[in-house]
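The structure appears below as structure tokens.
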Amino acid sequence: MDDFIIAGKCYKSRLLVGTGKYKDFSETRAAIEASGSEIITVAIRRTNIGQNPDEPNLLDVLPPSKFTLLPNTAGCYTAEEAIRTLRLARELLDGHSLVKLEVLGDSKTLFPNIVETIKAAQTLVKENFQVMVYTSDDPIVAKQLEEVGCVAIMPLASLIGSGMGILNPWNLQIMIDRATVPVLVDAGVGTASDAAIAMELGCDGVLMNTAIAAAKDPIMMASAMRKAVEAGREAYLAGRMEKKFYSASPSSPIDGISPLSSHK
Amino acid sequence: MIQLIINGEPQQFESSLNLQQLLENMGLQNKRIAIEHNGEIIPRSRFSDYIVTEGDRLEIVVAVGGG
């Protein structure tokens with residue numbers, strides 16, 4: 001059995017998805033169903049004062065009884081903001097402690113601020129949060145976050161929302177080799193092959209939002225991502241053949257070749 | 001009249017009230033929300049004993065779509 005365990009809980013799907021940027025809640029729900037994801041991220045925002053009180057709520061569409069909700073700190077630029085946001089999230093979600101920490105450093109590129117991220121992680125771990133942490137693809141930072149007590153390390157493959165794919169597979173490889181907690185690619189996946197490559201490298205999972213939500217057909221892309229993550233995982237477990245510049249070993253037998261074929 | 005700062009915006013209310021009454025006043029009762037009162041998170045179970053007064057700062061949050 002190929003268990004995917006986060007903070008002691010076993011999941012079937014290694015694809016984690018965000019719930020942002022969809023046309024409406026029904027598209028969000030359909031895409032999430034098609035993705036097969038069990039862990040889904042949500043953001044915490046100020047309620048609109050004076051909004052229609054009958055307006056549907058995301059948690060009605062994606063009930064915490066059916067999904068593992070992963071509240072994030074998207075849009076936070078300091079440790080303090082991120083900590084406040086997640087304390088509110090824990091209250092909102094009835095004591096739920098699994099969270100996604102991300103502290104940004106630059107509103108233009110959305111690069112993470114590592115110093116603030118580590119600071120926030122230290123406090124959150126002390127407060128018994130189970131922290132899945134978004135970070136750069138620096139293996140030393142990943143190790144430090146693990147030492148702080150984060151339950152999963154989630155490096156970017158490329159910048160949030162860029163769809164640029166996996167820009168530094170070698171760093172990811174080092175992080176995977178060195179980590180003793182799950183490593184998930186979070187951010188940068190653009191299409192199914194990117195997700196498959198992440199999984200073939202040995203990532204434990206992939207988290208994405210824009211790659212699905214910004215596809216022309218988000219529901220079909222969600223299904224493609226589900227297959228890509230599964231395929232990549234199986235390929236990783238199967239163990240790929242060795243790469244050779246060329247091979248003197250054809251797939252078909254050499255013996256019994258028809259005399260019509262006279263190449264030597 | 002008292003003034004509260006709710007999600008950064010000044011709002012007027014008739015008199016001091018508890019958080020449960022405030023939510024009813026705003027049509028937010030029975031909604032999935034969380035409240036921070038002057039920087040402190042107030043558990044839902046304590047909404048009806050928590051009195052808000054002039055100048056208090058409240059943050060009322062919900063879960064929304066995000067990645």
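Going by the structure tokens order, chains are called A, B, ..., each with residues numbered from 1, while ligands are numbered from 1 in the order shown.
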
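Selected on chain A by distance to chain B: A:Gly18, A:Thr19, A:Gly20, A:Thr41, A:Val42, A:Ala43, A:Ile44, A:Arg45, A:Arg46, A:Thr47, A:Pro53, A:Leu58, A:Leu59, A:Leu88, A:Glu91, A:Leu92, A:Asn209 (within 7 Å, counting only C-alpha atoms).
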
Could you pull out the residues in chain B that DSSP calls helix (DSSP H, G or I) from the backbone, as a PDB file with all heavy atoms, in the first residue's frame?
```pdb
ATOM      1  N   LEU B  19     -21.584  40.193  21.419  1.00  0.00           N
ATOM      2  CA  LEU B  19     -21.196  39.792  20.056  1.00  0.00           C
ATOM      3  C   LEU B  19     -22.325  39.075  19.330  1.00  0.00           C
ATOM      4  O   LEU B  19     -22.500  39.251  18.127  1.00  0.00           O
ATOM      5  CB  LEU B  19     -19.941  38.898  20.103  1.00  0.00           C
ATOM      6  CG  LEU B  19     -18.628  39.611  20.394  1.00  0.00           C
ATOM      7  CD1 LEU B  19     -17.484  38.607  20.452  1.00  0.00           C
ATOM      8  CD2 LEU B  19     -18.333  40.672  19.329  1.00  0.00           C
ATOM      9  N   GLN B  20     -23.111  38.291  20.071  1.00  0.00           N
ATOM     10  CA  GLN B  20     -24.229  37.591  19.454  1.00  0.00           C
ATOM     11  C   GLN B  20     -25.239  38.599  18.900  1.00  0.00           C
ATOM     12  O   GLN B  20     -25.689  38.484  17.753  1.00  0.00           O
ATOM     13  CB  GLN B  20     -24.884  36.660  20.492  1.00  0.00           C
ATOM     14  CG  GLN B  20     -25.952  35.738  19.926  1.00  0.00           C
ATOM     15  CD  GLN B  20     -25.424  34.852  18.805  1.00  0.00           C
ATOM     16  OE1 GLN B  20     -24.302  34.348  18.869  1.00  0.00           O
ATOM     17  NE2 GLN B  20     -26.214  34.687  17.757  1.00  0.00           N
ATOM     18  N   GLN B  21     -25.549  39.629  19.706  1.00  0.00           N
ATOM     19  CA  GLN B  21     -26.489  40.667  19.261  1.00  0.00           C
ATOM     20  C   GLN B  21     -25.918  41.442  18.071  1.00  0.00           C
ATOM     21  O   GLN B  21     -26.640  41.788  17.135  1.00  0.00           O
ATOM     22  CB  GLN B  21     -26.784  41.636  20.417  1.00  0.00           C
ATOM     23  CG  GLN B  21     -27.588  40.997  21.541  1.00  0.00           C
ATOM     24  CD  GLN B  21     -27.533  41.811  22.839  1.00  0.00           C
ATOM     25  OE1 GLN B  21     -26.558  42.517  23.098  1.00  0.00           O
ATOM     26  NE2 GLN B  21     -28.579  41.696  23.644  1.00  0.00           N
ATOM     27  N   LEU B  22     -24.619  41.666  18.121  1.00  0.00           N
ATOM     28  CA  LEU B  22     -23.960  42.386  17.025  1.00  0.00           C
ATOM     29  C   LEU B  22     -24.114  41.608  15.718  1.00  0.00           C
ATOM     30  O   LEU B  22     -24.452  42.169  14.673  1.00  0.00           O
ATOM     31  CB  LEU B  22     -22.479  42.581  17.358  1.00  0.00           C
ATOM     32  CG  LEU B  22     -21.658  43.273  16.278  1.00  0.00           C
ATOM     33  CD1 LEU B  22     -21.823  44.782  16.368  1.00  0.00           C
ATOM     34  CD2 LEU B  22     -20.192  42.908  16.384  1.00  0.00           C
ATOM     35  N   LEU B  23     -23.874  40.299  15.790  1.00  0.00           N
ATOM     36  CA  LEU B  23     -23.980  39.469  14.590  1.00  0.00           C
ATOM     37  C   LEU B  23     -25.411  39.461  14.066  1.00  0.00           C
ATOM     38  O   LEU B  23     -25.640  39.545  12.855  1.00  0.00           O
ATOM     39  CB  LEU B  23     -23.523  38.031  14.884  1.00  0.00           C
ATOM     40  CG  LEU B  23     -22.027  37.861  15.155  1.00  0.00           C
ATOM     41  CD1 LEU B  23     -21.716  36.413  15.496  1.00  0.00           C
ATOM     42  CD2 LEU B  23     -21.198  38.295  13.948  1.00  0.00           C
ATOM     43  N   GLU B  24     -26.381  39.395  14.991  1.00  0.00           N
ATOM     44  CA  GLU B  24     -27.791  39.415  14.576  1.00  0.00           C
ATOM     45  C   GLU B  24     -28.109  40.730  13.887  1.00  0.00           C
ATOM     46  O   GLU B  24     -28.737  40.765  12.828  1.00  0.00           O
ATOM     47  CB  GLU B  24     -28.705  39.190  15.790  1.00  0.00           C
ATOM     48  CG  GLU B  24     -28.736  37.722  16.197  1.00  0.00           C
ATOM     49  CD  GLU B  24     -29.291  37.491  17.605  1.00  0.00           C
ATOM     50  OE1 GLU B  24     -29.957  38.388  18.154  1.00  0.00           O
ATOM     51  OE2 GLU B  24     -29.024  36.397  18.145  1.00  0.00           O
ATOM     52  N   ASN B  25     -27.600  41.805  14.489  1.00  0.00           N
ATOM     53  CA  ASN B  25     -27.753  43.134  13.930  1.00  0.00           C
ATOM     54  C   ASN B  25     -27.211  43.229  12.495  1.00  0.00           C
ATOM     55  O   ASN B  25     -27.743  43.934  11.653  1.00  0.00           O
ATOM     56  CB  ASN B  25     -26.943  44.074  14.834  1.00  0.00           C
ATOM     57  CG  ASN B  25     -27.592  45.401  15.005  1.00  0.00           C
ATOM     58  OD1 ASN B  25     -27.898  46.043  14.020  1.00  0.00           O
ATOM     59  ND2 ASN B  25     -27.807  45.802  16.257  1.00  0.00           N
ATOM     60  N   ARG B  44     -16.679  30.999  19.688  1.00  0.00           N
ATOM     61  CA  ARG B  44     -18.110  31.133  19.366  1.00  0.00           C
ATOM     62  C   ARG B  44     -18.982  30.935  20.614  1.00  0.00           C
ATOM     63  O   ARG B  44     -19.974  31.618  20.789  1.00  0.00           O
ATOM     64  CB  ARG B  44     -18.452  30.064  18.327  1.00  0.00           C
ATOM     65  CG  ARG B  44     -19.506  30.465  17.355  1.00  0.00           C
ATOM     66  CD  ARG B  44     -19.533  29.497  16.183  1.00  0.00           C
ATOM     67  NE  ARG B  44     -18.218  29.431  15.535  1.00  0.00           N
ATOM     68  CZ  ARG B  44     -17.789  28.398  14.812  1.00  0.00           C
ATOM     69  NH1 ARG B  44     -18.539  27.336  14.656  1.00  0.00           N
ATOM     70  NH2 ARG B  44     -16.607  28.422  14.239  1.00  0.00           N
ATOM     71  N   SER B  45     -18.559  29.998  21.460  1.00  0.00           N
ATOM     72  CA  SER B  45     -19.374  29.680  22.641  1.00  0.00           C
ATOM     73  C   SER B  45     -19.483  30.865  23.609  1.00  0.00           C
ATOM     74  O   SER B  45     -20.348  30.886  24.469  1.00  0.00           O
ATOM     75  CB  SER B  45     -18.753  28.487  23.364  1.00  0.00           C
ATOM     76  OG  SER B  45     -17.409  28.794  23.705  1.00  0.00           O
ATOM     77  N   ARG B  46     -18.602  31.847  23.437  1.00  0.00           N
ATOM     78  CA  ARG B  46     -18.632  32.983  24.379  1.00  0.00           C
ATOM     79  C   ARG B  46     -19.210  34.258  23.783  1.00  0.00           C
ATOM     80  O   ARG B  46     -19.173  35.321  24.403  1.00  0.00           O
ATOM     81  CB  ARG B  46     -17.213  33.243  24.911  1.00  0.00           C
ATOM     82  CG  ARG B  46     -16.792  32.158  25.914  1.00  0.00           C
ATOM     83  CD  ARG B  46     -15.338  32.275  26.278  1.00  0.00           C
ATOM     84  NE  ARG B  46     -14.996  33.585  26.818  1.00  0.00           N
ATOM     85  CZ  ARG B  46     -13.773  34.108  26.795  1.00  0.00           C
ATOM     86  NH1 ARG B  46     -12.771  33.424  26.274  1.00  0.00           N
ATOM     87  NH2 ARG B  46     -13.538  35.297  27.287  1.00  0.00           N
ATOM     88  N   PHE B  47     -19.772  34.165  22.571  1.00  0.00           N
ATOM     89  CA  PHE B  47     -20.284  35.368  21.900  1.00  0.00           C
ATOM     90  C   PHE B  47     -21.312  36.111  22.750  1.00  0.00           C
ATOM     91  O   PHE B  47     -21.314  37.332  22.797  1.00  0.00           O
ATOM     92  CB  PHE B  47     -20.924  35.023  20.544  1.00  0.00           C
ATOM     93  CG  PHE B  47     -19.919  34.774  19.439  1.00  0.00           C
ATOM     94  CD1 PHE B  47     -20.359  34.396  18.172  1.00  0.00           C
ATOM     95  CD2 PHE B  47     -18.557  34.921  19.654  1.00  0.00           C
ATOM     96  CE1 PHE B  47     -19.448  34.165  17.149  1.00  0.00           C
ATOM     97  CE2 PHE B  47     -17.635  34.693  18.635  1.00  0.00           C
ATOM     98  CZ  PHE B  47     -18.090  34.314  17.389  1.00  0.00           C
ATOM     99  N   SER B  48     -22.192  35.357  23.435  1.00  0.00           N
ATOM    100  CA  SER B  48     -23.268  36.066  24.147  1.00  0.00           C
ATOM    101  C   SER B  48     -22.813  36.675  25.470  1.00  0.00           C
ATOM    102  O   SER B  48     -23.517  37.511  26.017  1.00  0.00           O
ATOM    103  CB  SER B  48     -24.514  35.202  24.306  1.00  0.00           C
ATOM    104  OG  SER B  48     -24.133  33.893  24.569  1.00  0.00           O
ATOM    105  N   ASP B  49     -21.628  36.300  25.990  1.00  0.00           N
ATOM    106  CA  ASP B  49     -21.188  37.045  27.190  1.00  0.00           C
ATOM    107  C   ASP B  49     -20.124  38.094  26.884  1.00  0.00           C
ATOM    108  O   ASP B  49     -19.581  38.677  27.789  1.00  0.00           O
ATOM    109  CB  ASP B  49     -20.680  36.154  28.355  1.00  0.00           C
ATOM    110  CG  ASP B  49     -20.502  34.712  28.041  1.00  0.00           C
ATOM    111  OD1 ASP B  49     -21.541  34.041  27.982  1.00  0.00           O
ATOM    112  OD2 ASP B  49     -19.351  34.289  27.828  1.00  0.00           O
TER     113      ASP B  49
END
```

7 Å contact set for stretch 140-142 of chain A, only C-alpha atoms, chain neighbours under 3 positions out, as a compact mmCIF listing (two decimals) with all heavy atoms, in the first residue's frame:
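Saved result, selection_2.txt, follows:
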```txt
# COMPACT_ATOMS: atom_id res chain seq x y z
N LEU A 145 13.11 24.41 8.37
CA LEU A 145 11.66 24.38 8.60
C LEU A 145 11.24 23.03 9.19
O LEU A 145 10.35 22.95 10.04
CB LEU A 145 10.90 24.68 7.31
CG LEU A 145 10.99 26.15 6.86
CD1 LEU A 145 10.55 26.30 5.41
CD2 LEU A 145 10.14 27.04 7.76
N GLU A 146 11.90 22.01 8.72
CA GLU A 146 11.63 20.67 9.25
C GLU A 146 12.05 20.61 10.73
O GLU A 146 11.31 20.07 11.56
CB GLU A 146 12.42 19.66 8.41
CG GLU A 146 12.02 18.24 8.65
CD GLU A 146 12.87 17.28 7.83
OE1 GLU A 146 13.22 17.59 6.67
OE2 GLU A 146 13.18 16.21 8.38
N ILE A 153 6.98 20.04 3.85
CA ILE A 153 7.73 21.14 3.23
C ILE A 153 7.20 21.29 1.81
O ILE A 153 7.15 20.30 1.06
CB ILE A 153 9.24 20.83 3.19
CG1 ILE A 153 9.77 20.45 4.59
CG2 ILE A 153 10.03 22.00 2.59
CD1 ILE A 153 9.67 21.50 5.63
N MET A 175 16.17 18.34 -1.86
CA MET A 175 15.22 18.51 -0.75
C MET A 175 14.52 17.19 -0.44
O MET A 175 14.34 16.82 0.73
CB MET A 175 14.17 19.57 -1.11
CG MET A 175 14.79 20.94 -1.27
SD MET A 175 13.62 22.15 -1.91
CE MET A 175 12.87 22.71 -0.40
```

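DSSP on the backbone gives strand (DSSP E) for these parts of stretch 36-178 of chain A: A:Ile39, A:Ile40, A:Thr41, A:Val42, A:Ala43, A:Ile44, A:Arg45, A:Arg46, A:Thr68, A:Leu69, A:Leu70, A:Pro71, A:Leu98, A:Val99, A:Lys100, A:Leu101, A:Gln130, A:Val131, A:Met132, A:Val133, A:Tyr134, A:Thr135, A:Ala152, A:Ile153, A:Met154, A:Pro155.
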
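When the distance limit is 7 Å and only C-alpha atoms are what count, the residues near A:Met132, minus those fewer than 3 positions from it on the same chain, are Val99, Lys100, Leu101, Cys150, Val151, Ala152, Ile153 and Met154 of chain A.
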
Pull N, CA and C atoms from the residues just selected and write them as a PDB file, in the first residue's frame.
```
ATOM      1  N   VAL A  99      -2.630  23.389   8.744  1.00  0.00           N
ATOM      2  CA  VAL A  99      -2.682  24.678   8.046  1.00  0.00           C
ATOM      3  C   VAL A  99      -1.572  24.784   6.997  1.00  0.00           C
ATOM      4  N   LYS A 100      -1.775  25.683   6.066  1.00  0.00           N
ATOM      5  CA  LYS A 100      -0.720  26.007   5.108  1.00  0.00           C
ATOM      6  C   LYS A 100      -0.190  27.401   5.433  1.00  0.00           C
ATOM      7  N   LEU A 101       1.091  27.432   5.779  1.00  0.00           N
ATOM      8  CA  LEU A 101       1.737  28.713   6.076  1.00  0.00           C
ATOM      9  C   LEU A 101       2.445  29.215   4.831  1.00  0.00           C
ATOM     10  N   CYS A 150       7.717  21.631  11.200  1.00  0.00           N
ATOM     11  CA  CYS A 150       6.687  21.634  10.156  1.00  0.00           C
ATOM     12  C   CYS A 150       6.402  20.195   9.717  1.00  0.00           C
ATOM     13  N   VAL A 151       5.149  19.896   9.376  1.00  0.00           N
ATOM     14  CA  VAL A 151       4.771  18.518   9.044  1.00  0.00           C
ATOM     15  C   VAL A 151       4.942  18.212   7.552  1.00  0.00           C
ATOM     16  N   ALA A 152       5.093  19.249   6.731  1.00  0.00           N
ATOM     17  CA  ALA A 152       5.370  19.041   5.306  1.00  0.00           C
ATOM     18  C   ALA A 152       6.056  20.288   4.771  1.00  0.00           C
ATOM     19  N   ILE A 153       6.985  20.044   3.846  1.00  0.00           N
ATOM     20  CA  ILE A 153       7.726  21.145   3.234  1.00  0.00           C
ATOM     21  C   ILE A 153       7.205  21.290   1.807  1.00  0.00           C
ATOM     22  N   MET A 154       6.821  22.514   1.445  1.00  0.00           N
ATOM     23  CA  MET A 154       6.186  22.701   0.137  1.00  0.00           C
ATOM     24  C   MET A 154       6.917  23.770  -0.681  1.00  0.00           C
TER      25      MET A 154
END
```

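Note that the spacing between atom CA of A:Ser136 and atom CA of A:Asp106 amounts to 13.0 Å.
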
Within 6 Å of stretch 189-198 of chain A, counting only C-alpha atoms, which residues qualify if same-chain residues fewer than 2 places away don't, as a list in words? Gly163, Met164, Gly165, Ala187, Glu200, Leu201, Cys203, Ala211, Met225, Ala228, Val229 and Gly232 of chain A

When you look at A:Ile6 with a cut-off of 8 Å (counting only C-alpha atoms), what residues show up, excluding the ones that are within fewer than 2 positions of it in the same chain? I need them as a short mmCIF file (atom, residue, chain, number, x, y, z; two decimals) with N, CA, C and O atoms, in the first residue's frame.
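Result saved to out37.cif:
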```cif
data_model
loop_
_atom_site.label_atom_id
_atom_site.label_comp_id
_atom_site.auth_asym_id
_atom_site.auth_seq_id
_atom_site.Cartn_x
_atom_site.Cartn_y
_atom_site.Cartn_z
N PHE A 4 0.06 7.85 1.79
CA PHE A 4 0.45 9.26 1.79
C PHE A 4 -0.02 9.82 3.12
O PHE A 4 -1.21 9.98 3.35
N GLY A 8 0.23 12.37 10.44
CA GLY A 8 -0.35 11.17 11.03
C GLY A 8 -1.63 10.67 10.37
O GLY A 8 -2.15 9.62 10.72
N LYS A 9 -2.16 11.42 9.41
CA LYS A 9 -3.40 10.99 8.75
C LYS A 9 -3.09 10.51 7.33
O LYS A 9 -2.30 11.12 6.62
N CYS A 10 -3.73 9.40 6.96
CA CYS A 10 -3.45 8.79 5.66
C CYS A 10 -4.46 9.28 4.61
O CYS A 10 -5.66 9.32 4.86
N TYR A 11 -3.93 9.67 3.46
CA TYR A 11 -4.79 10.15 2.36
C TYR A 11 -4.58 9.27 1.13
O TYR A 11 -3.50 8.69 0.95
N VAL A 151 5.15 19.90 9.38
CA VAL A 151 4.77 18.52 9.04
C VAL A 151 4.94 18.21 7.55
O VAL A 151 4.91 17.05 7.16
N ALA A 152 5.09 19.25 6.73
CA ALA A 152 5.37 19.04 5.31
C ALA A 152 6.06 20.29 4.77
O ALA A 152 5.77 21.41 5.21
N PRO A 182 7.11 14.77 4.44
CA PRO A 182 6.71 14.86 3.04
C PRO A 182 7.13 16.19 2.38
O PRO A 182 7.10 17.24 3.02
#
```
